[in-house]
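Taking it in order: structure first as structure tokens, then the write-up.
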Amino acid sequence: MAATPRDPDAPARTPDALRTWLIEHIAALLEQPAAALTVTSSLRALGLDSRATIALASALGERLGAPVPGRGAVRAQHDRRARALARAAGPRARDSPTTPARRDEPIAVIGAACRLPGGVRTPEEFWALLVAGVDATTEVPEERWDADAHYSADLREPGRMNTRRGGFLRAPIDRFDAGFFGLSPREAAQLDPQQRLALELAWEALEHAGVRPASLRETAAGVFCGAVFNDYEGLRLKLGPTAVTGHSSAGQNQALIANRVSYTLGLQGPSVTVNTACSSSLVAIHLACQSLRAGESSVALAGGVHLMLTPDTSVAVAKFGALAPDGRCKSFDARADGYARGEGGGLVLLKPLRAALRDGDRVLCTILGSAVNNDGASNGLTAPSPAAQRAVLRAALRQADVAPASVAYVEAHGTGTALGDPIEARALGEVYGEGRDAPLWIGTCKTNIGHLEAAAGVAGFLKAALCLQRRALVPSLHFETPNPHIDFAALRLAVSQRARGWPTPTGARARPRAGVSSFGYGGTNAHVILGPASRRRRGSRASRSQGRARWPRPRARLHGRSDRMMATTRRTPKRPCRWRPESAGARAPRAAGRRWSRATPGRLGGACGRSRAATRPISQHAPLDILKETRSRRCSCSRASARSGADGARAARRAGVSPGPRALRSSRARALRARRCSTRSSTRRPTAASRTTTPTSC
């Protein structure tokens with residue numbers, strides 16, 4: 001059949017022709033020379049608003065002879081987008097569906113990030129603070145507000161609170177690397193610091209999980225973030241009408257905190273900001289698990305953020321009668337008289353367990369079940385309901401399909417109030433005391449960092465996950481005399497007052513499990529059951545079917561020595577080196593070598609594109625455009641992969657596991673690739689001047 005001749009007057013639809021036409025048309029709209037435009041910049045960065053984008057899409061549709069949505073014009077910023085536009089008139093491909101998790105399938109926690117009082121910036125630093133029993137509450141910093149001017153022991157005085165203490169972040173909250181997230185300084189100045197904190201935590205959680213953020217773009221990745229108060233908008237209102245700009249509406253809207261993360265990272269799953277008061281972040285984790293099990297999300301970021309910027313909110317909470325005069329949370333103690341407010345945030349990256357095993361993700365712990373309910377018509381809007389608390393505990397245990405006696409520790413809500421502590425303890429004893437021989441250990445991190453309100457649930461979640469991962473309990477501070485209204489012996493409860501090993505649960509074959517509670521003062525209660533990152537039996541059918549998926553190993557076994565091999569690689573970069581075992585004639589078993597090569601951090605870093613400075617503060621990263629994969633970033637990943645691969649070789653030998661030939665070939669290849677990339681990209685790496693932080697005032 002003869003091909004239809006092409007109309008010579010029809011416009012060219014090749015990628016090069018489309019790219020040239022787009023550049024010329026955008027230059028005409030902006031009244032700028034075409035040579036001044038940066039082809040890789042987004043239309044928004046070039047200065048085109050929504051109206052201009054729609055006009056551009058209309059003109060592009062006329063040229064292609066087919067309608068083009070406004071978003072299609074935005075896709076024309078890269079060469080591969082121009083190639084996609086060349087096929088715009090053809091049928092669109094269907095999106096691949098997300099496979100839902102089973103209703104009873106555990107949810108894996110594969111990454112975490114946090115910013116907490118006491119200078120805590122990573123989960124590891126949080127664990128160090130908990131083990132040391134540090135009280136991170138301090139006097140109110142001078143840059144926040146004048147503590148003396150707003151203090152009075154008499155709460156009847158207007159505008160006064162009965163405490164001078166709280167849990168505050170040490171890092172300045174008015175510092176933010178706007179360029180790293182593609183924001184202009186003007187827009188960043190109008191951005192609520194809680195939105196900035198959520199962006200930083202989302203990026204760090206992905207780094208902690210070893211997930212390349214660009215790999216989640218245009219996927220069904222969900223974001224569920226808890227937030228309660230909006231102090232930044234109150235500051236703006238005090239400055240008057242002159243402080244309002246075109247960025248104020250979106251920058252200071254609390255509902256857009258989760259949406260900001262989804263927009264910046266290009267995530268197309270559910271994006272929800274949750275406000276259920278003190279239980280917001282744990283409810284967000286519950287909703288994320290539900291979304292994963294329903295198939296709405298393939299992965300999900302869940303947690304919460306909370307910052308204290310003005311004294312007005314603290315004054316209101318003090319008038320409510322919730323704050324302790326000494327600024328310390330004395331949970332379950334006879335001196336309990338309120339809590340200390342705290343600030344911070346945390347996000348965890350969640351994924352169905354089967355998918356995490358399939359993709360070889362590091363599993364920190366698993367969520368076996370969760371539940372949320374409300375007090376209903378209790379004794380008052382803010383009065384806790386014992387029946388509702390018992391119901392939410394039983395619902396979570398029922399979904400997790402675990403016996404109450406198998407749970408050895410519960411991270412309690414434990415605000416340290418005279419009314420709340422006895423009600424919560426009684427509910428825990430009545431539900432978890434069934435069939436229990438040993439006492440149920442309880443505690444709360446509020447005694448260390450204060451009550452983080454919107455982020456309190458995720459802070460307790462991280463503490464329970466860290467305890468479960470390390471098989472140890474940490475002290476709950478300020479517990480001296482048991483609350484006389486709590487019968488600890490009859491309820492089979494015990495408060496952890498010192499660091500100890502993980503208690504043996506009832507039943508010889510019971511696995512370690514923990515619970516986390518978070519209750520909102522409006523009546524919304526949440527409870528989560530956590531389990532360990534279990535190991536499959538070697539050689540089992542399920543283990544063989546998982547391919548390269550491995551459970552995490554202790555960090556001490558993943559870091560060791562391989563200096564001789566790496567030194568030989570550096571001396572002969574063009575010739576692969578030969579590894580000689582320390583013992584003559586020794587040859588590593590193939591199975592052991594395969595296991596080592598899959599568990600090394602080098603394997604993780606090379607596969608995921610993890611940042612070279614994963615634990616560095618986000619403000620010290622080079623301000624790269626996170627929506628674009630640059631060559632220098634790939635090269636830095638290769639160098640990090642080579643270094644971590646050497647660390648894994650050293651750890652394997654220390655642990656008595658010899659790396660096999662397959663692992664050595666992989667390590668040598670990474671080292672050679674890192675050297676070549678370092679030579680090619682030496683002129684493309686960011687300069688020291690680009691590592692500055694963009695200050696934005698509160």
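Ordered as shown in the structure tokens, chains take letters A, B, and onward, while each chain numbers its residues from 1 and ligands are numbered from 1 in the order shown.
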**Message:** Run DSSP on the backbone and tell me which residues of region 237-451 of chain A come out as strand (DSSP E); list them as a VMD selection string.
**Reply:** chain A and resid 271 to 274 299 to 306 344 to 352 365 to 374 409 to 411 440 to 443
Could you save the residues just selected, with N, CA and C atoms, as a tab-separated table (two decimals), in the first residue's frame?
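As written to disk, selection_5.tsv reads:
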chain	number	residue	atom	x	y	z
A	271	SER	N	-2.19	12.98	48.28
A	271	SER	CA	-1.41	14.00	48.97
A	271	SER	C	-2.34	14.69	49.96
A	272	VAL	N	-2.17	14.39	51.25
A	272	VAL	CA	-3.13	14.80	52.26
A	272	VAL	C	-2.40	15.39	53.46
A	273	THR	N	-2.83	16.57	53.89
A	273	THR	CA	-2.38	17.14	55.16
A	273	THR	C	-3.43	16.80	56.21
A	274	VAL	N	-3.01	16.15	57.29
A	274	VAL	CA	-3.90	15.61	58.32
A	274	VAL	C	-3.84	16.51	59.55
A	299	VAL	N	4.32	3.63	47.06
A	299	VAL	CA	5.09	3.94	48.26
A	299	VAL	C	4.43	5.17	48.88
A	300	ALA	N	4.77	5.47	50.14
A	300	ALA	CA	4.14	6.60	50.80
A	300	ALA	C	5.10	7.21	51.81
A	301	LEU	N	5.15	8.54	51.82
A	301	LEU	CA	5.82	9.29	52.87
A	301	LEU	C	4.78	9.70	53.88
A	302	ALA	N	5.03	9.42	55.16
A	302	ALA	CA	4.04	9.70	56.19
A	302	ALA	C	4.74	10.21	57.44
A	303	GLY	N	4.09	11.16	58.13
A	303	GLY	CA	4.64	11.71	59.36
A	303	GLY	C	3.97	13.02	59.69
A	304	GLY	N	4.75	13.95	60.24
A	304	GLY	CA	4.19	15.24	60.62
A	304	GLY	C	5.27	16.24	60.93
A	305	VAL	N	4.90	17.53	60.93
A	305	VAL	CA	5.81	18.63	61.24
A	305	VAL	C	5.11	19.58	62.19
A	306	HIS	N	5.90	20.25	63.02
A	306	HIS	CA	5.34	21.20	63.98
A	306	HIS	C	6.44	22.16	64.42
A	344	GLY	N	9.43	20.08	65.98
A	344	GLY	CA	10.25	19.20	65.15
A	344	GLY	C	9.40	18.53	64.10
A	345	GLY	N	9.88	17.43	63.60
A	345	GLY	CA	9.15	16.71	62.56
A	345	GLY	C	9.83	15.41	62.22
A	346	GLY	N	9.10	14.58	61.54
A	346	GLY	CA	9.64	13.30	61.10
A	346	GLY	C	8.79	12.73	59.98
A	347	LEU	N	9.43	12.03	59.06
A	347	LEU	CA	8.74	11.34	57.98
A	347	LEU	C	9.34	9.95	57.83
A	348	VAL	N	8.51	8.98	57.54
A	348	VAL	CA	8.98	7.63	57.26
A	348	VAL	C	8.51	7.25	55.87
A	349	LEU	N	9.30	6.44	55.19
A	349	LEU	CA	8.96	5.95	53.85
A	349	LEU	C	8.43	4.54	53.98
A	350	LEU	N	7.20	4.32	53.53
A	350	LEU	CA	6.51	3.04	53.69
A	350	LEU	C	6.31	2.37	52.34
A	351	LYS	N	6.27	1.03	52.40
A	351	LYS	CA	6.12	0.25	51.18
A	351	LYS	C	5.56	-1.12	51.56
A	352	PRO	N	4.70	-1.71	50.75
A	352	PRO	CA	4.26	-3.07	51.05
A	352	PRO	C	5.44	-4.02	51.17
A	365	CYS	N	11.70	-1.92	60.06
A	365	CYS	CA	10.73	-2.66	60.85
A	365	CYS	C	9.47	-2.78	60.00
A	366	THR	N	8.46	-3.42	60.52
A	366	THR	CA	7.22	-3.60	59.77
A	366	THR	C	6.04	-3.12	60.60
A	367	ILE	N	5.03	-2.60	59.91
A	367	ILE	CA	3.77	-2.22	60.55
A	367	ILE	C	2.80	-3.38	60.35
A	368	LEU	N	2.46	-4.06	61.44
A	368	LEU	CA	1.60	-5.23	61.36
A	368	LEU	C	0.12	-4.86	61.30
A	369	GLY	N	-0.23	-3.76	61.95
A	369	GLY	CA	-1.63	-3.35	61.96
A	369	GLY	C	-1.77	-1.98	62.59
A	370	SER	N	-2.89	-1.32	62.32
A	370	SER	CA	-3.14	0.01	62.88
A	370	SER	C	-4.64	0.24	62.91
A	371	ALA	N	-5.05	1.20	63.73
A	371	ALA	CA	-6.47	1.50	63.86
A	371	ALA	C	-6.64	2.94	64.31
A	372	VAL	N	-7.77	3.53	63.94
A	372	VAL	CA	-8.12	4.90	64.31
A	372	VAL	C	-9.60	4.93	64.69
A	373	ASN	N	-9.95	5.64	65.76
A	373	ASN	CA	-11.35	5.85	66.10
A	373	ASN	C	-11.50	7.19	66.81
A	374	ASN	N	-12.69	7.46	67.32
A	374	ASN	CA	-12.96	8.71	68.01
A	374	ASN	C	-13.71	8.44	69.30
A	409	TYR	N	6.34	-4.02	74.60
A	409	TYR	CA	6.54	-2.61	74.93
A	409	TYR	C	5.53	-1.76	74.17
A	410	VAL	N	5.03	-0.72	74.81
A	410	VAL	CA	4.14	0.24	74.18
A	410	VAL	C	4.68	1.64	74.41
A	411	GLU	N	4.91	2.36	73.32
A	411	GLU	CA	5.25	3.78	73.39
A	411	GLU	C	3.94	4.52	73.60
A	440	LEU	N	3.92	-5.43	81.03
A	440	LEU	CA	4.05	-4.66	79.80
A	440	LEU	C	4.85	-3.40	80.10
A	441	TRP	N	5.95	-3.22	79.40
A	441	TRP	CA	6.78	-2.04	79.61
A	441	TRP	C	6.21	-0.87	78.81
A	442	ILE	N	6.15	0.29	79.46
A	442	ILE	CA	5.63	1.49	78.81
A	442	ILE	C	6.61	2.63	79.01
A	443	GLY	N	6.53	3.61	78.16
A	443	GLY	CA	7.38	4.80	78.24
A	443	GLY	C	6.94	5.79	77.18
**Request:** Quick one: pick out all helix (DSSP H, G or I) residues within region 246-291 of chain A from a backbone DSSP run and write them as a list in words.
**Result:** Ser248, Ser249, Ala250, Gly251, Gln254, Ala255, Leu256, Ile257, Ala258, Asn259, Arg260, Val261, Ser262, Tyr263, Thr264, Leu265, Ser280, Ser281, Leu282, Val283, Ala284, Ile285, His286, Leu287, Ala288, Cys289, Gln290 and Ser291 of chain A
Please, which residues in region 226-271 of chain A fall within 12 Å of region 291-296 of chain A when counting only C-alpha atoms, and what is the closest atom pair and distance in Å to one decimal for each, ordered by chain then residue number, as CSV?
residue,atom,partner,partner_atom,distance
A:Gln268,CA,A:Glu296,CA,10.0
A:Gly269,CA,A:Glu296,CA,6.7
A:Pro270,CA,A:Glu296,CA,7.2
A:Ser271,CA,A:Ser291,CA,10.7
**Asked** If you measure from CA of Val407 (chain A) to CA of Ala514 (chain A), what distance in Å do you get, rounded to one decimal?
**Response**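 Taking CA of Val407 (chain A) as the start and CA of Ala514 (chain A) as the end point, the length is 5.4 Å.
Candidate residues A:Arg471, A:Arg160, A:Arg170, A:Arg394 were compared for distance to Ala318 (chain A), and the nearest is A:Arg160, using only C-alpha atoms.
What separates CA of Leu323 (chain A) from CA of Phe126 (chain A) is a distance of 24.0 Å.
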**Asked** Which is closest to Ser248 (chain A) among A:Leu116, A:Leu235, A:Leu265, A:Val211, if we use only C-alpha atoms?
**Response**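 Distance minimum relative to Ser248 (chain A) lands on A:Leu235.
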**Item:** All residues 12 Å or closer to Phe320 (chain A), only C-alpha atoms, same chain fewer than 3 positions away omitted, as a VMD selection string
**Value:** chain A and resid 155 to 156 161 to 162 313 to 317 323 to 324 338 to 339 382 521
How would the residues just picked look written out with C-alpha atoms as an mmCIF file, in the first residue's frame?
data_model
loop_
_atom_site.group_PDB
_atom_site.id
_atom_site.type_symbol
_atom_site.label_atom_id
_atom_site.label_comp_id
_atom_site.auth_asym_id
_atom_site.auth_seq_id
_atom_site.Cartn_x
_atom_site.Cartn_y
_atom_site.Cartn_z
ATOM 1 C CA LEU A 155 -2.717 32.340 84.294
ATOM 2 C CA ARG A 156 -5.470 34.882 84.801
ATOM 3 C CA MET A 161 1.873 31.568 80.085
ATOM 4 C CA ASN A 162 3.029 29.642 83.146
ATOM 5 C CA THR A 313 -0.244 29.451 70.625
ATOM 6 C CA SER A 314 1.688 28.612 73.798
ATOM 7 C CA VAL A 315 -0.379 31.167 75.703
ATOM 8 C CA ALA A 316 -3.563 29.529 74.437
ATOM 9 C CA VAL A 317 -2.369 26.032 75.418
ATOM 10 C CA LEU A 323 1.371 23.031 80.311
ATOM 11 C CA ALA A 324 3.572 22.010 83.239
ATOM 12 C CA GLY A 338 1.044 18.881 82.314
ATOM 13 C CA TYR A 339 3.552 18.713 79.510
ATOM 14 C CA THR A 382 -11.350 17.295 75.174
ATOM 15 C CA TYR A 521 -7.410 16.125 72.411
#
**Item:** Å distance separating CA of Glu480 (chain A) from CA of Gly433 (chain A), one decimal place
**Value:**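 One can read the CA of Glu480 (chain A) to CA of Gly433 (chain A) distance as 23.4 Å.
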**Item:** Residues within 9 Å of Gly376 (chain A), only C-alpha atoms, excluding chain neighbours under 6 positions, as number ranges by chain
**Value:** A: 385, 388, 523-524
